[in-house]
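A.B. asks: Mind having a look at this structure? Questions to follow.
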Amino acid sequence: MWEYSEKVKDHFFNPRNVGLLEDANAVGEVGSLACGDSLKLYLKIDPESDRILDARFQTFGCGSAIASSSALTEMVKGKTVEEALQITNKDIAEFLGGLPEEKMHCSVMGRDAFHAAVACYRGEPAPRELLEGELVCECFGVTDKQIEQVVAENDLSTVDQVTNYTKAGGGCGQCHEKIKEIIARVRGERLAKEKKAQPSPRRMTNIQRIAKIQEVLEKEIRPMLQHDGGDLQLIDVDGTHVSVALRGTCTSCPSSGFTLKSGIEAKLRELVDPDIVVEEVAA
Amino acid sequence: MKVVYLDNNATTMVAPEVLEAMLPFLSERYGNPSSIHSFGGNVAREVGRARDHLAALVGASPQEIVFNSGGTEGDNTAILSALATMPDRREIVTTRVEHPAVLNLCKHLARERGYKVTWLSVDRQGLLDMEEVRTAIGDRTAIVSVMWANNETGVIFPVEEIAEIAHEHGAMMHTDAVQAVGKIPLNMKACAIDLLSLSGHKLHGPKGIGALYIRRGTRFSPFVIGGHQESNRRGGTENVPGITGLGEAACLAAANIREENERVMQLRDRLQEGLLEAIPYAHVNGHPGFRLPNTLNIGFEFVEGEAILMRMDDKGICASSGSACTSGSLEPSHVLRAMGVAFTSVHGSIRFSLSRYNTDDEIEYVVREVPGIIGFLRQLSPFGREDLATVCTVQ
């Protein structure tokens, strides 16, 4: 038994804009019978203004798939194509007062169908994320591009979440490792972007800088060293001057000086403060 | 709104007589059956009566009945016991369509403990190939576990015949009879099955109580180790209210089994005929003959099961579906997939399971309401008819 919002139930029991649109000039279709849900979206777009005059749908699927389709048609009607392209799967879920996590793929299906319809209208081959890319999940036919997009847009961090949003990984489970890699890649890129977007590190207080240095050492540097049997301990921070003691195999490693400068210092400069100097001290 | 309950393979209503039989043991008669005093000893006598009733229902001796917590415990106990008592045999034979209690246990045993599991397939009608069964069972087989009747389709398996084959190879035979007990007559005295699991809540008894039948003379290794209860075969103070409830339920089932086979089957057949007549592109899943009298599994093409169930629920009709969406997993029913049911209808499969508490009026109500629901959802569906495929060349 799913806990559906009143709005989901309303759009399921009283779906809006159902059926064929005879004079449609854009059709988008996603999903398949085998996958358990499928949405065919029809749009009538005014070629002069690019405004969506009418939208209809046909959906094979569960309650939330039908509700998401109905919501989508309501959301895009009256908007220009450009405006409607800004609608994300999250917007569809929010319009419906939320969807159960396991059903988020229904909102993604809505978004994908709209993008497919717009591609059709514009005479483009098909949306990039549906055609290009490497097939990751063979059971449900999901590519790495689709997974990347959903992970980035919805800030996903686990395989289960990716399955809830795209179905990928919900069958035989053989692609779980690949999905993990994609999540790590997307999140890594995003983390780097966020770091760059941070305000000038010079404005950091001493306490903030110390906390940040500790965080980077714990999350980025120590796991790397521990992987090779080494380790490190933070001894002191004085302004931008960081003292560390190397442990384990690092103490006897001939390349530890190199590790210190090119590894640890470079990382701290990149992520905390470009003026940081790292120095090794005896513990 | 009145509820029409057609989901009796999931669970059943507790019969009023069962509740009445249980109540004293939830209040004044709280004694422990193991006690020396008569306050407890009188309760032990009631446990004994319940054991007699249950034994009579399946044609067993009371000593062959061990009460436990239900079907899953029975299945785990039976299979693990057989493996423990035959350590030199490392193979299990079972089917692709078992209940998760057997299916996932066998997968676990294969993965974690290195047992070889042979998964018997079923045909389009859900039946086993007896030649395949014969080939699968060998001298290294410790246990053969085949359900008596399938929960999704109601298909009945020839477990008595399979037990003979198992014994020819010195293997034990277990059957998960959770769906069969109380619905069709079973007689353990007339067959060679060693171990049989059953569950109270599928036959109008309470939840959390069940039993394992262990044929006299069968080597056995307990699953729940503890006190001397159940003749050292299952530790733990007896669930006395559950046991007395199950005993009463067994008594009622024995008295009603003829009705189950006649009146309930007539209701089921009327439902099947009514729905198939009114709804095109619908067909029965599972062999129409070798089937429990109460079960009807229909695949409605071009529509999805959860959507059907939600609209039926809106009309007060309770059933269940093999659709992926209803289970929370994305994979549709393993049973229907094993049968090779086409994807066009596996997602739209609905199981109606009746009980002796259903009435003619209820069935007529369902026959009236369901065609409209399927029709409405088919109007919504992009599949199954001419469409606007020509507007756009994309996809």
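Chain labels run A, B, ... following the order of the structure tokens; each chain numbers its residues from 1, and ligands are numbered from 1 in the order shown.
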Provide as a ChimeraX atom specification the residues of chain A at most 6 Å from chain B, counting only C-alpha atoms.
C.D. replies: /A:34,58-63,120,170
A.B. asks: Residues near Pro206 of chain B, anyone? I mean within 12 Å using only C-alpha atoms, not counting same-chain ones fewer than 4 positions away, as number ranges by chain.
C.D. replies: B: 11-23, 69-70, 199-202, 210, 239-250
A.B. asks: Choose the residue, out of B:Leu128, B:Ile143, B:Leu26, B:Val133, that has the smallest atom-to-atom separation from Arg89 of chain B; count only C-alpha atoms.
C.D. replies: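 Counting only C-alpha atoms, the residue closest to Arg89 of chain B is B:Ile143.
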A.B. asks: Excluding Asp273 of chain A and any residue of its chain fewer than 3 positions from it, enumerate the residues within 10 Å of it, using only C-alpha atoms, and give them as an MDAnalysis selection string.
C.D. replies: chainID A and resid 200:202 204 209 212:213 240 265:270 276:277
A.B. asks: Using only C-alpha atoms, find the one residue out of B:Ile298, B:Leu80, B:Arg233, B:Ile165 that sits nearest to Glu273 of chain B.
C.D. replies: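 Nearest to Glu273 of chain B: B:Ile298.
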A.B. asks: I need the residues of segment 31-175 of chain A that end up classed as strand (DSSP E) by DSSP on the backbone, written out as a ChimeraX atom specification.
C.D. replies: /A:31-32,37-46,51-60,135-137,142-143
A.B. asks: Can those selected residues be exported to a file as a PDB file, in the first residue's frame so that it contains N, CA and C atoms?
C.D. replies:
```pdb
ATOM      1  N   GLY A  31       9.344   4.959 -22.186  1.00  0.00           N
ATOM      2  CA  GLY A  31       8.939   3.753 -21.465  1.00  0.00           C
ATOM      3  C   GLY A  31       8.488   2.675 -22.436  1.00  0.00           C
ATOM      4  N   SER A  32       8.112   1.538 -21.895  1.00  0.00           N
ATOM      5  CA  SER A  32       7.641   0.430 -22.719  1.00  0.00           C
ATOM      6  C   SER A  32       6.795  -0.497 -21.876  1.00  0.00           C
ATOM      7  N   ASP A  37       5.817   0.729 -17.397  1.00  0.00           N
ATOM      8  CA  ASP A  37       5.089   1.964 -17.628  1.00  0.00           C
ATOM      9  C   ASP A  37       5.548   2.655 -18.902  1.00  0.00           C
ATOM     10  N   SER A  38       4.646   3.418 -19.442  1.00  0.00           N
ATOM     11  CA  SER A  38       4.901   4.059 -20.714  1.00  0.00           C
ATOM     12  C   SER A  38       4.003   5.277 -20.814  1.00  0.00           C
ATOM     13  N   LEU A  39       4.565   6.367 -21.357  1.00  0.00           N
ATOM     14  CA  LEU A  39       3.819   7.619 -21.474  1.00  0.00           C
ATOM     15  C   LEU A  39       3.959   8.151 -22.886  1.00  0.00           C
ATOM     16  N   LYS A  40       2.840   8.492 -23.473  1.00  0.00           N
ATOM     17  CA  LYS A  40       2.848   9.109 -24.797  1.00  0.00           C
ATOM     18  C   LYS A  40       2.222  10.487 -24.640  1.00  0.00           C
ATOM     19  N   LEU A  41       3.014  11.497 -24.913  1.00  0.00           N
ATOM     20  CA  LEU A  41       2.575  12.873 -24.697  1.00  0.00           C
ATOM     21  C   LEU A  41       2.344  13.558 -26.037  1.00  0.00           C
ATOM     22  N   TYR A  42       1.196  14.204 -26.190  1.00  0.00           N
ATOM     23  CA  TYR A  42       0.869  14.929 -27.421  1.00  0.00           C
ATOM     24  C   TYR A  42       0.803  16.415 -27.106  1.00  0.00           C
ATOM     25  N   LEU A  43       1.453  17.228 -27.949  1.00  0.00           N
ATOM     26  CA  LEU A  43       1.415  18.669 -27.732  1.00  0.00           C
ATOM     27  C   LEU A  43       0.942  19.357 -28.998  1.00  0.00           C
ATOM     28  N   LYS A  44       0.198  20.434 -28.786  1.00  0.00           N
ATOM     29  CA  LYS A  44      -0.105  21.318 -29.906  1.00  0.00           C
ATOM     30  C   LYS A  44       0.584  22.642 -29.598  1.00  0.00           C
ATOM     31  N   ILE A  45       1.586  22.954 -30.410  1.00  0.00           N
ATOM     32  CA  ILE A  45       2.398  24.131 -30.140  1.00  0.00           C
ATOM     33  C   ILE A  45       2.168  25.164 -31.244  1.00  0.00           C
ATOM     34  N   ASP A  46       1.946  26.407 -30.861  1.00  0.00           N
ATOM     35  CA  ASP A  46       1.779  27.480 -31.845  1.00  0.00           C
ATOM     36  C   ASP A  46       3.149  27.824 -32.415  1.00  0.00           C
ATOM     37  N   ARG A  51       4.191  28.789 -28.100  1.00  0.00           N
ATOM     38  CA  ARG A  51       3.416  28.543 -26.884  1.00  0.00           C
ATOM     39  C   ARG A  51       2.658  27.216 -26.997  1.00  0.00           C
ATOM     40  N   ILE A  52       2.586  26.502 -25.901  1.00  0.00           N
ATOM     41  CA  ILE A  52       1.904  25.198 -25.901  1.00  0.00           C
ATOM     42  C   ILE A  52       0.414  25.440 -25.719  1.00  0.00           C
ATOM     43  N   LEU A  53      -0.348  25.198 -26.774  1.00  0.00           N
ATOM     44  CA  LEU A  53      -1.773  25.501 -26.741  1.00  0.00           C
ATOM     45  C   LEU A  53      -2.562  24.379 -26.075  1.00  0.00           C
ATOM     46  N   ASP A  54      -2.105  23.152 -26.306  1.00  0.00           N
ATOM     47  CA  ASP A  54      -2.840  22.030 -25.707  1.00  0.00           C
ATOM     48  C   ASP A  54      -1.869  20.876 -25.459  1.00  0.00           C
ATOM     49  N   ALA A  55      -2.206  20.073 -24.491  1.00  0.00           N
ATOM     50  CA  ALA A  55      -1.389  18.897 -24.176  1.00  0.00           C
ATOM     51  C   ALA A  55      -2.321  17.771 -23.770  1.00  0.00           C
ATOM     52  N   ARG A  56      -2.050  16.591 -24.287  1.00  0.00           N
ATOM     53  CA  ARG A  56      -2.839  15.401 -23.903  1.00  0.00           C
ATOM     54  C   ARG A  56      -1.860  14.254 -23.656  1.00  0.00           C
ATOM     55  N   PHE A  57      -2.357  13.227 -22.970  1.00  0.00           N
ATOM     56  CA  PHE A  57      -1.465  12.091 -22.723  1.00  0.00           C
ATOM     57  C   PHE A  57      -2.210  10.773 -22.777  1.00  0.00           C
ATOM     58  N   GLN A  58      -1.412   9.727 -23.027  1.00  0.00           N
ATOM     59  CA  GLN A  58      -1.870   8.345 -22.853  1.00  0.00           C
ATOM     60  C   GLN A  58      -0.810   7.650 -22.027  1.00  0.00           C
ATOM     61  N   THR A  59      -1.220   7.035 -20.941  1.00  0.00           N
ATOM     62  CA  THR A  59      -0.242   6.387 -20.064  1.00  0.00           C
ATOM     63  C   THR A  59      -0.666   4.981 -19.711  1.00  0.00           C
ATOM     64  N   PHE A  60       0.311   4.088 -19.793  1.00  0.00           N
ATOM     65  CA  PHE A  60       0.163   2.742 -19.253  1.00  0.00           C
ATOM     66  C   PHE A  60       1.045   2.731 -18.013  1.00  0.00           C
ATOM     67  N   LEU A 135      24.783   2.072 -22.439  1.00  0.00           N
ATOM     68  CA  LEU A 135      23.712   1.389 -21.719  1.00  0.00           C
ATOM     69  C   LEU A 135      24.278   0.826 -20.412  1.00  0.00           C
ATOM     70  N   VAL A 136      23.710   1.267 -19.290  1.00  0.00           N
ATOM     71  CA  VAL A 136      24.196   0.787 -17.991  1.00  0.00           C
ATOM     72  C   VAL A 136      23.291  -0.337 -17.484  1.00  0.00           C
ATOM     73  N   CYS A 137      21.989  -0.051 -17.432  1.00  0.00           N
ATOM     74  CA  CYS A 137      21.043  -1.057 -16.926  1.00  0.00           C
ATOM     75  C   CYS A 137      20.364  -1.717 -18.114  1.00  0.00           C
ATOM     76  N   VAL A 142      18.536   1.740 -19.362  1.00  0.00           N
ATOM     77  CA  VAL A 142      18.876   3.083 -18.887  1.00  0.00           C
ATOM     78  C   VAL A 142      20.352   3.347 -19.173  1.00  0.00           C
ATOM     79  N   THR A 143      20.647   4.543 -19.735  1.00  0.00           N
ATOM     80  CA  THR A 143      22.031   4.860 -20.089  1.00  0.00           C
ATOM     81  C   THR A 143      22.713   5.674 -19.001  1.00  0.00           C
TER      82      THR A 143
END
```
A.B. asks: From the options B:Ile79, B:Ala110, B:Leu127, B:Ile257, which residue's atoms come nearest to Leu196 of chain B, counting only C-alpha atoms?
C.D. replies: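 Ranking B:Ile79, B:Ala110, B:Leu127, B:Ile257 by distance to Leu196 of chain B, first place goes to B:Ile79.
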A.B. asks: Among segment 147-252 of chain A, which residues does DSSP mark as helix (DSSP H, G or I) when it is run on the backbone? Keep the chain and numbering as in the structure and answer as a ChimeraX atom specification.
C.D. replies: /A:147-154,159-166,176-197,201-203,206-227,249-252
